[in-house]
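Below you'll find the structure, written out as structure tokens, and then a few comments.
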Amino acid sequence: MHLVCTHEQADFDAVASLLGVRLLDPEAMPVLPRRVNRNVRAFVTLYGDHLPFVEFDELSRSHVERLTVVDTQSSPSIKGVRADTKVHLIDHHPPSDDMDPTWTAHIEEVGATATLLVEEIQEVGRNLSPVQATLLLLGIYEDTGSLSYASTTPRDVRASAWLLERGADLNLVGEFLNHPLSNGQRDLYDRLLENIETHEYHGLSILLACGEVRGLVEEISTLAHKLRDVFDPDGLFVLVGLDGSVQLVARSTTDELDVGAVAEHFGGGGHARAAAALIRDRNSAQVRDELIEFLSSSIEPAPTVGEIMSRDPQLLSPDVKISDVGERMQRFGHEGYPIVESGQVCGLLTRRAVDRALSHGMGSQPVSRIMEAGDLVVRMDDSVNHLQKVMIEHGWGQVPVVDPDSGEIVGIVTRTDLLNSLGTGLEREYKPTLAGDLEEALTGPRLALLRLVAREAEQRGDALYIVGGFVRDLILNAPSADYDIVVEGDAIGLARSLEAAFGGRESSHQRFGTAKWQLDLGNRQLCTALESESLEANSLPEYLDFVSARTEFYTHPTALPSVQRGSIKLDLHRRDFTINTLALRLDGRYYGQLLDHWGGGRDLRNQKIRVLHSLSFMDDPTRILRAVRLEQRFDFQIEDRTLELLNEAISLLDRVSGERIRSEFDTIFNEPSFAGIMTRLQALGLLEAIHPVLVWDQWLEARFEAIKSFERPDSWRLEESPEREFLYYAIWFYRLTHQEAEGVGHRLRFPAAVLRDILQTVDINRFVQSLTVTTAPSTVVAKLDDVQERVLITSCMALNDRPVVCQILEKYLGKWRFVQPEADGETLRAMGLPQGPIYGEILWKLRAAWLDGEIRDGVQEQALLENMVKEALANG
């Protein structure tokens, strides 16, 4: 076992260095000390899901083979460390004289230990998430005073720049760092502490600190940072009287308080989170009164827990077996469950606790043995800022939500919900209203219909959403006419309510919670509700599909999913890529609100295709093909980790049914960017993974383009136009051998008739290519008369660079195949010729003579016929 540890009362550089070693060695286990600085603990609490740390008390007594010590040159006492443990130090402080001579060390005097590790991470080319990059930057900035201390080196600056390029967020760095105070600052700081006032505005805690000082005090903003770190308010205003003027410094930690606007009111400036103003001709008491009055009128109500929670949470009783919960967590991907007894929360169960218990053979024990005991809840009307404080204070990553009137548990809110709502640099998502975009995208009747359904859902207490591709395309300014509707509630009940109120016909599938409402455009109630005298058939969809929000799980890789009711958040999580997890709410006051629980907005902005979890391609390998299709359609890029997962799952394509793969190809062939998609599939080795003989090249691309623009000439006299899908596959396999084409056909499970004609296309290839201007028409007709029309069209398109061959095929399709002699079997019988195979021979010779120009009219045919009949009778 390889452990990584650091000193107690760890700062950001120490904790960032723990992470750095883990990034260099995925087998390393970074151990948080028992005591870390308060700002470090806050960061780890909020972003712990993104970080690999292990708590010190969770360590086993297993033998530690390797121990890496960072940001210190003394090893802490750790269980499992023995005399034969190999110890390695990584530090940026001067070497200690009493260091154990058996240890190895990497010590260089740079500004931060994190710098040394970032340089190694950069050298080996490791990918970083924004959270990881930000933590490493916090380590460097804290120990270098944001690159301002004299100990800062160019290496620290270069490492910081590299981390910024990898997504490190300076806003968060500034929020989590503490700054040392000078003597003058500390004197003023003490005075400010004595005069602190706390005010509440719509759930926001606003701190107001006033003080007077003579002479210049450096960096009052540093005092604001210090006060904010100590008291952790939603907003902070520091007013300092300076010999006839007042210095205002303002800080905000929430989008609900724009301190830039406040400073602007007083003649200053800044941005929403940090601002300042120098106010003259007023004393600090006057400015204080004016500030309080201005805040009362300018702060808007903060978002509430009820707006970000997931409804209908899964609750557990204390006596449920740990093994059952482990299976449920594996099935649904939940990280924790509230434990409830007699309607009251009595604890929280986390995945970490369950995993540890199962590893100790405690599966048959009740969850009450391992839960975190407590009755922590928040109310629906609590502010999101209050939720943040609760989570940081108690360390719970999932908090039950209760109705403020009944006390009933109505939802659950998670750390991810909080981060998304706070809109930090790491988790910032789209939060605009898309109401205007929706109204521009849909025609009047369709928009009116959606609003009608939304009103009905609101009356029933259901939340209504448009989800997936429609929302994605709406944001990309390419809206489609089709949309999927998800009901967070009872989709079947909603459809039945609509049928009862506005006619039509409802049909449903109880097991999957889906319903279809067939519209009756002649229903007077519907026309009245849509404010229309009459409804035209093409103005509205024929029906609307409703799906209850649900979650899915896969019993094994490549299996079709099993379905269970869930929240909108879980419903979105079951989708393939983050850009398809966006939802647009339609009911009530939430109309037009965009939900983005899984980072789809961020990836749309960054033009990335990203899966939601590391097992996504294993759950459904056809997502591999869809990833490439979406990447090329939007000119996006499959992000690095997703591409790694894609490559690891390629072998699973062999276990996907041919029908499902063929369905994906059908969709690809109809994409405008099909050539780019197929080229990318070829480059990634995906075509070969489906079948070894499948390839893509420019020859195929040119012919697929021709198929897309194909219109049957009237001169060909076709019975019907061939399906483009057949032409695509027949051209794709055209250059294969019969055996190869048959193998691919069986892999993709073509219907028998389709595979027969594809193989016929392959089989006649050599004959068709041998055609020349000297080939007799009768030879062509004799060979092609039993060939399907679509086979010949395929050959003509495949050989469009062979004009002679194409002309011959066109003559056959438009003329030769219809040439027949005037005589028939009745003619031969009337001439006394006994019936038999000779009939076919004579009639074919007559037809061949017409085709080859040996006879040109009925007289010549009659003469030739009489000679052949006379000869046949003579040969008896």
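Residues in the structure tokens are named by chain (A, B, ... in the order shown) and by number from 1 within that chain; ligands are numbered from 1 in the order shown.
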Quick one: which segment 308-394 of chain A residues come within 10 Å of segment 45-66 of chain A, and what is the nearest atom pair for each with the distance in Å to one decimal, counting only C-alpha atoms, rows ordered by chain and ascending number, as a Markdown table?
```
| residue | atom | partner | partner_atom | distance |
| --- | --- | --- | --- | --- |
| A:Glu335 | CA | A:Asp49 | CA | 9.5 |
| A:Arg356 | CA | A:Glu58 | CA | 9.0 |
| A:Gln388 | CA | A:Leu46 | CA | 8.7 |
| A:Met391 | CA | A:Thr45 | CA | 7.9 |
| A:Ile392 | CA | A:Thr45 | CA | 6.2 |
| A:Glu393 | CA | A:Thr45 | CA | 9.2 |
| A:His394 | CA | A:Thr45 | CA | 9.4 |
```
Once you have the residues from the selection above, write them out as an mmCIF file, in the first residue's frame, restricted to N, CA and C atoms.
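Output (part-v1.cif):
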```cif
data_model
loop_
_atom_site.group_PDB
_atom_site.id
_atom_site.type_symbol
_atom_site.label_atom_id
_atom_site.label_comp_id
_atom_site.auth_asym_id
_atom_site.auth_seq_id
_atom_site.Cartn_x
_atom_site.Cartn_y
_atom_site.Cartn_z
ATOM 1 N N GLU A 335 -25.424 8.302 -3.863
ATOM 2 C CA GLU A 335 -24.294 8.402 -2.954
ATOM 3 C C GLU A 335 -24.720 8.382 -1.498
ATOM 4 N N ARG A 356 -17.440 0.455 3.195
ATOM 5 C CA ARG A 356 -16.573 -0.014 4.278
ATOM 6 C C ARG A 356 -17.225 -1.154 5.042
ATOM 7 N N GLN A 388 -26.111 25.959 2.107
ATOM 8 C CA GLN A 388 -24.652 25.873 2.018
ATOM 9 C C GLN A 388 -24.030 25.867 3.416
ATOM 10 N N MET A 391 -24.601 22.461 5.079
ATOM 11 C CA MET A 391 -23.757 21.391 4.550
ATOM 12 C C MET A 391 -22.316 21.519 5.039
ATOM 13 N N ILE A 392 -21.804 22.734 5.040
ATOM 14 C CA ILE A 392 -20.418 22.927 5.487
ATOM 15 C C ILE A 392 -20.287 22.636 6.972
ATOM 16 N N GLU A 393 -21.283 23.053 7.737
ATOM 17 C CA GLU A 393 -21.210 22.868 9.182
ATOM 18 C C GLU A 393 -21.323 21.408 9.576
ATOM 19 N N HIS A 394 -22.215 20.676 8.911
ATOM 20 C CA HIS A 394 -22.482 19.299 9.323
ATOM 21 C C HIS A 394 -21.797 18.260 8.439
#
```
For segment 235-251 of chain A: contacts at 9 Å, only C-alpha atoms, fewer than 2 positions along chain excluded, given as a compact mmCIF listing (two decimals) with N, CA and C atoms, in the first residue's frame:
```
# COMPACT_ATOMS: atom_id res chain seq x y z
N LEU A 188 -7.25 48.19 13.06
CA LEU A 188 -8.54 48.52 12.46
C LEU A 188 -9.47 47.31 12.49
N LEU A 192 -13.28 47.14 13.88
CA LEU A 192 -14.41 46.68 13.05
C LEU A 192 -15.16 45.55 13.75
N LEU A 204 -30.86 36.27 3.23
CA LEU A 204 -29.43 36.55 3.09
C LEU A 204 -28.91 37.19 4.37
N SER A 205 -27.77 36.70 4.82
CA SER A 205 -27.12 37.27 6.00
C SER A 205 -26.10 38.31 5.55
N ILE A 206 -26.34 39.58 5.91
CA ILE A 206 -25.47 40.67 5.49
C ILE A 206 -24.75 41.23 6.72
N LEU A 207 -23.43 41.27 6.62
CA LEU A 207 -22.59 41.77 7.71
C LEU A 207 -22.18 43.20 7.40
N LEU A 208 -22.32 44.08 8.39
CA LEU A 208 -21.95 45.49 8.25
C LEU A 208 -20.97 45.84 9.36
N ALA A 209 -19.76 46.27 8.97
CA ALA A 209 -18.72 46.60 9.96
C ALA A 209 -18.26 48.03 9.73
N CYS A 210 -18.28 48.84 10.79
CA CYS A 210 -17.90 50.25 10.67
C CYS A 210 -16.73 50.56 11.62
N GLY A 211 -15.89 51.47 11.19
CA GLY A 211 -14.76 51.88 12.03
C GLY A 211 -14.18 53.19 11.55
N GLU A 212 -13.45 53.86 12.43
CA GLU A 212 -12.79 55.12 12.10
C GLU A 212 -11.29 54.92 12.25
N VAL A 213 -10.51 55.60 11.40
CA VAL A 213 -9.07 55.48 11.48
C VAL A 213 -8.43 56.78 11.03
N ARG A 214 -7.29 57.09 11.61
CA ARG A 214 -6.54 58.27 11.19
C ARG A 214 -5.33 57.81 10.39
N GLY A 215 -5.07 58.48 9.29
CA GLY A 215 -3.95 58.10 8.45
C GLY A 215 -4.35 56.98 7.50
N LEU A 216 -3.39 56.58 6.71
CA LEU A 216 -3.62 55.59 5.66
C LEU A 216 -3.49 54.18 6.23
N ILE A 220 -7.55 47.72 2.90
CA ILE A 220 -8.77 47.48 3.66
C ILE A 220 -9.50 46.26 3.10
N SER A 221 -9.29 46.01 1.81
CA SER A 221 -9.93 44.83 1.19
C SER A 221 -9.49 43.55 1.87
N LEU A 223 -8.95 43.19 5.02
CA LEU A 223 -9.79 43.06 6.22
C LEU A 223 -11.16 42.51 5.87
N ALA A 224 -11.66 42.92 4.71
CA ALA A 224 -12.96 42.39 4.27
C ALA A 224 -12.87 40.88 4.05
N HIS A 225 -11.77 40.44 3.43
CA HIS A 225 -11.57 38.99 3.23
C HIS A 225 -11.52 38.28 4.59
N LEU A 227 -12.76 39.24 7.54
CA LEU A 227 -14.08 39.23 8.17
C LEU A 227 -15.01 38.22 7.50
N ARG A 228 -14.93 38.17 6.20
CA ARG A 228 -15.78 37.21 5.49
C ARG A 228 -15.42 35.78 5.86
N ASP A 232 -18.38 34.30 7.55
CA ASP A 232 -19.01 33.61 6.43
C ASP A 232 -20.41 34.13 6.12
N PRO A 233 -20.59 35.44 5.95
CA PRO A 233 -21.90 35.97 5.59
C PRO A 233 -22.15 35.83 4.09
N THR A 253 -20.97 36.63 -1.69
CA THR A 253 -20.75 35.22 -2.00
C THR A 253 -21.94 34.60 -2.71
N THR A 254 -22.87 35.44 -3.14
CA THR A 254 -24.08 34.92 -3.76
C THR A 254 -24.50 35.80 -4.92
N LEU A 257 -26.85 39.00 -4.40
CA LEU A 257 -26.37 40.31 -3.94
C LEU A 257 -25.28 40.79 -4.88
N ASP A 258 -25.58 41.82 -5.66
CA ASP A 258 -24.63 42.42 -6.60
C ASP A 258 -24.01 43.64 -5.92
N VAL A 259 -22.84 43.45 -5.31
CA VAL A 259 -22.22 44.56 -4.58
C VAL A 259 -21.67 45.61 -5.54
N GLY A 260 -21.44 45.23 -6.80
CA GLY A 260 -21.02 46.22 -7.79
C GLY A 260 -22.08 47.30 -7.97
N VAL A 262 -24.27 48.16 -5.71
CA VAL A 262 -24.31 48.95 -4.47
C VAL A 262 -23.20 50.00 -4.49
N ALA A 263 -22.00 49.58 -4.85
CA ALA A 263 -20.88 50.52 -4.91
C ALA A 263 -21.14 51.62 -5.94
N PHE A 266 -23.01 54.50 -4.70
CA PHE A 266 -22.23 55.44 -3.89
C PHE A 266 -21.07 56.05 -4.67
N GLY A 268 -18.90 54.50 -6.66
CA GLY A 268 -17.75 53.62 -6.87
C GLY A 268 -18.01 52.63 -7.99
N ALA A 272 -19.86 42.01 -9.43
CA ALA A 272 -20.94 41.51 -8.59
C ALA A 272 -20.45 40.96 -7.26
N ARG A 273 -19.24 40.41 -7.22
CA ARG A 273 -18.74 39.78 -6.00
C ARG A 273 -17.78 40.66 -5.20
N ALA A 274 -17.20 41.67 -5.80
CA ALA A 274 -16.24 42.53 -5.10
C ALA A 274 -16.32 43.93 -5.67
N ALA A 275 -16.42 44.92 -4.79
CA ALA A 275 -16.54 46.30 -5.26
C ALA A 275 -16.09 47.25 -4.14
N ALA A 276 -15.92 48.50 -4.50
CA ALA A 276 -15.47 49.50 -3.53
C ALA A 276 -15.91 50.89 -3.97
N ALA A 277 -15.92 51.81 -3.00
CA ALA A 277 -16.26 53.21 -3.31
C ALA A 277 -15.62 54.10 -2.25
N LEU A 278 -15.17 55.27 -2.68
CA LEU A 278 -14.67 56.30 -1.76
C LEU A 278 -15.73 57.40 -1.72
N ILE A 279 -16.37 57.56 -0.57
CA ILE A 279 -17.53 58.44 -0.45
C ILE A 279 -17.10 59.69 0.32
N ARG A 280 -17.26 60.84 -0.28
CA ARG A 280 -16.84 62.11 0.33
C ARG A 280 -18.07 62.87 0.84
N ASP A 281 -17.81 63.83 1.72
CA ASP A 281 -18.83 64.75 2.22
C ASP A 281 -19.90 64.06 3.06
N ARG A 282 -19.65 62.88 3.53
CA ARG A 282 -20.57 62.20 4.45
C ARG A 282 -19.74 61.42 5.45
N ASN A 283 -20.28 61.28 6.65
CA ASN A 283 -19.57 60.48 7.63
C ASN A 283 -20.06 59.04 7.58
N SER A 284 -19.41 58.16 8.31
CA SER A 284 -19.71 56.74 8.22
C SER A 284 -21.12 56.42 8.72
N VAL A 287 -23.50 57.21 5.86
CA VAL A 287 -23.38 56.19 4.80
C VAL A 287 -24.03 54.89 5.25
N ARG A 288 -23.85 54.52 6.52
CA ARG A 288 -24.46 53.29 7.04
C ARG A 288 -25.97 53.32 6.86
```
Length of the atom CA of Arg35 of chain A to atom CA of Lys79 of chain A vector [Å]: 17.1 Å
May I have the residues within 12 Å of Ala872 of chain A as JSON, numbers by chain, using only C-alpha atoms and disregarding those fewer than 4 positions away in the same chain? {"A": [828, 831, 832, 833, 834, 835, 836, 837, 838, 839, 841, 842, 865, 866, 867, 868, 876]}
Just write the chosen residues, N, CA, C and O atoms, as an mmCIF file, in the first residue's frame.
```cif
data_model
loop_
_atom_site.group_PDB
_atom_site.id
_atom_site.type_symbol
_atom_site.label_atom_id
_atom_site.label_comp_id
_atom_site.auth_asym_id
_atom_site.auth_seq_id
_atom_site.Cartn_x
_atom_site.Cartn_y
_atom_site.Cartn_z
ATOM 1 N N LEU A 828 -47.005 -20.169 -81.429
ATOM 2 C CA LEU A 828 -46.292 -21.425 -81.706
ATOM 3 C C LEU A 828 -47.248 -22.607 -81.728
ATOM 4 O O LEU A 828 -47.112 -23.533 -82.561
ATOM 5 N N MET A 831 -49.079 -22.810 -84.937
ATOM 6 C CA MET A 831 -48.237 -23.247 -86.050
ATOM 7 C C MET A 831 -47.940 -24.737 -85.965
ATOM 8 O O MET A 831 -47.161 -25.276 -86.751
ATOM 9 N N GLY A 832 -48.570 -25.419 -84.997
ATOM 10 C CA GLY A 832 -48.469 -26.865 -84.927
ATOM 11 C C GLY A 832 -47.262 -27.378 -84.187
ATOM 12 O O GLY A 832 -46.967 -28.586 -84.246
ATOM 13 N N LEU A 833 -46.569 -26.517 -83.432
ATOM 14 C CA LEU A 833 -45.367 -26.954 -82.723
ATOM 15 C C LEU A 833 -45.777 -27.523 -81.371
ATOM 16 O O LEU A 833 -46.462 -26.857 -80.602
ATOM 17 N N PRO A 834 -45.388 -28.775 -81.105
ATOM 18 C CA PRO A 834 -45.737 -29.376 -79.814
ATOM 19 C C PRO A 834 -45.133 -28.562 -78.662
ATOM 20 O O PRO A 834 -44.016 -28.059 -78.761
ATOM 21 N N GLN A 835 -45.873 -28.450 -77.525
ATOM 22 C CA GLN A 835 -45.437 -27.654 -76.382
ATOM 23 C C GLN A 835 -44.244 -28.316 -75.709
ATOM 24 O O GLN A 835 -44.172 -29.540 -75.597
ATOM 25 N N GLY A 836 -43.300 -27.516 -75.286
ATOM 26 C CA GLY A 836 -42.119 -28.043 -74.612
ATOM 27 C C GLY A 836 -41.075 -26.965 -74.450
ATOM 28 O O GLY A 836 -41.318 -25.787 -74.739
ATOM 29 N N PRO A 837 -39.866 -27.346 -74.004
ATOM 30 C CA PRO A 837 -38.799 -26.366 -73.809
ATOM 31 C C PRO A 837 -38.459 -25.588 -75.059
ATOM 32 O O PRO A 837 -37.917 -24.484 -74.968
ATOM 33 N N ILE A 838 -38.790 -26.178 -76.235
ATOM 34 C CA ILE A 838 -38.474 -25.503 -77.491
ATOM 35 C C ILE A 838 -39.180 -24.161 -77.601
ATOM 36 O O ILE A 838 -38.685 -23.235 -78.252
ATOM 37 N N TYR A 839 -40.351 -24.027 -76.926
ATOM 38 C CA TYR A 839 -41.056 -22.757 -76.948
ATOM 39 C C TYR A 839 -40.166 -21.625 -76.408
ATOM 40 O O TYR A 839 -40.036 -20.562 -77.026
ATOM 41 N N GLU A 841 -36.930 -21.545 -76.090
ATOM 42 C CA GLU A 841 -35.743 -21.323 -76.901
ATOM 43 C C GLU A 841 -36.066 -20.450 -78.107
ATOM 44 O O GLU A 841 -35.315 -19.516 -78.436
ATOM 45 N N ILE A 842 -37.183 -20.748 -78.761
ATOM 46 C CA ILE A 842 -37.553 -19.980 -79.964
ATOM 47 C C ILE A 842 -37.895 -18.543 -79.592
ATOM 48 O O ILE A 842 -37.453 -17.586 -80.260
ATOM 49 N N LEU A 865 -39.282 -16.671 -87.553
ATOM 50 C CA LEU A 865 -40.066 -17.608 -86.767
ATOM 51 C C LEU A 865 -40.401 -18.846 -87.586
ATOM 52 O O LEU A 865 -40.292 -19.985 -87.103
ATOM 53 N N GLU A 866 -40.829 -18.642 -88.851
ATOM 54 C CA GLU A 866 -41.206 -19.786 -89.682
ATOM 55 C C GLU A 866 -40.019 -20.710 -89.911
ATOM 56 O O GLU A 866 -40.151 -21.946 -89.889
ATOM 57 N N ASN A 867 -38.837 -20.126 -90.107
ATOM 58 C CA ASN A 867 -37.644 -20.957 -90.312
ATOM 59 C C ASN A 867 -37.346 -21.790 -89.077
ATOM 60 O O ASN A 867 -37.002 -22.991 -89.170
ATOM 61 N N MET A 868 -37.443 -21.152 -87.864
ATOM 62 C CA MET A 868 -37.132 -21.886 -86.640
ATOM 63 C C MET A 868 -38.164 -22.963 -86.352
ATOM 64 O O MET A 868 -37.826 -24.064 -85.894
ATOM 65 N N GLY A 876 -38.083 -32.924 -85.133
ATOM 66 C CA GLY A 876 -39.056 -33.692 -84.386
ATOM 67 C C GLY A 876 -38.705 -34.034 -83.004
ATOM 68 O O GLY A 876 -39.229 -34.904 -82.389
#
```
Distance in Å - atom CA of Lys811 of chain A versus atom CA of Trp716 of chain A: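 Straight-line distance from atom CA of Lys811 of chain A to atom CA of Trp716 of chain A works out to 7.9 Å.
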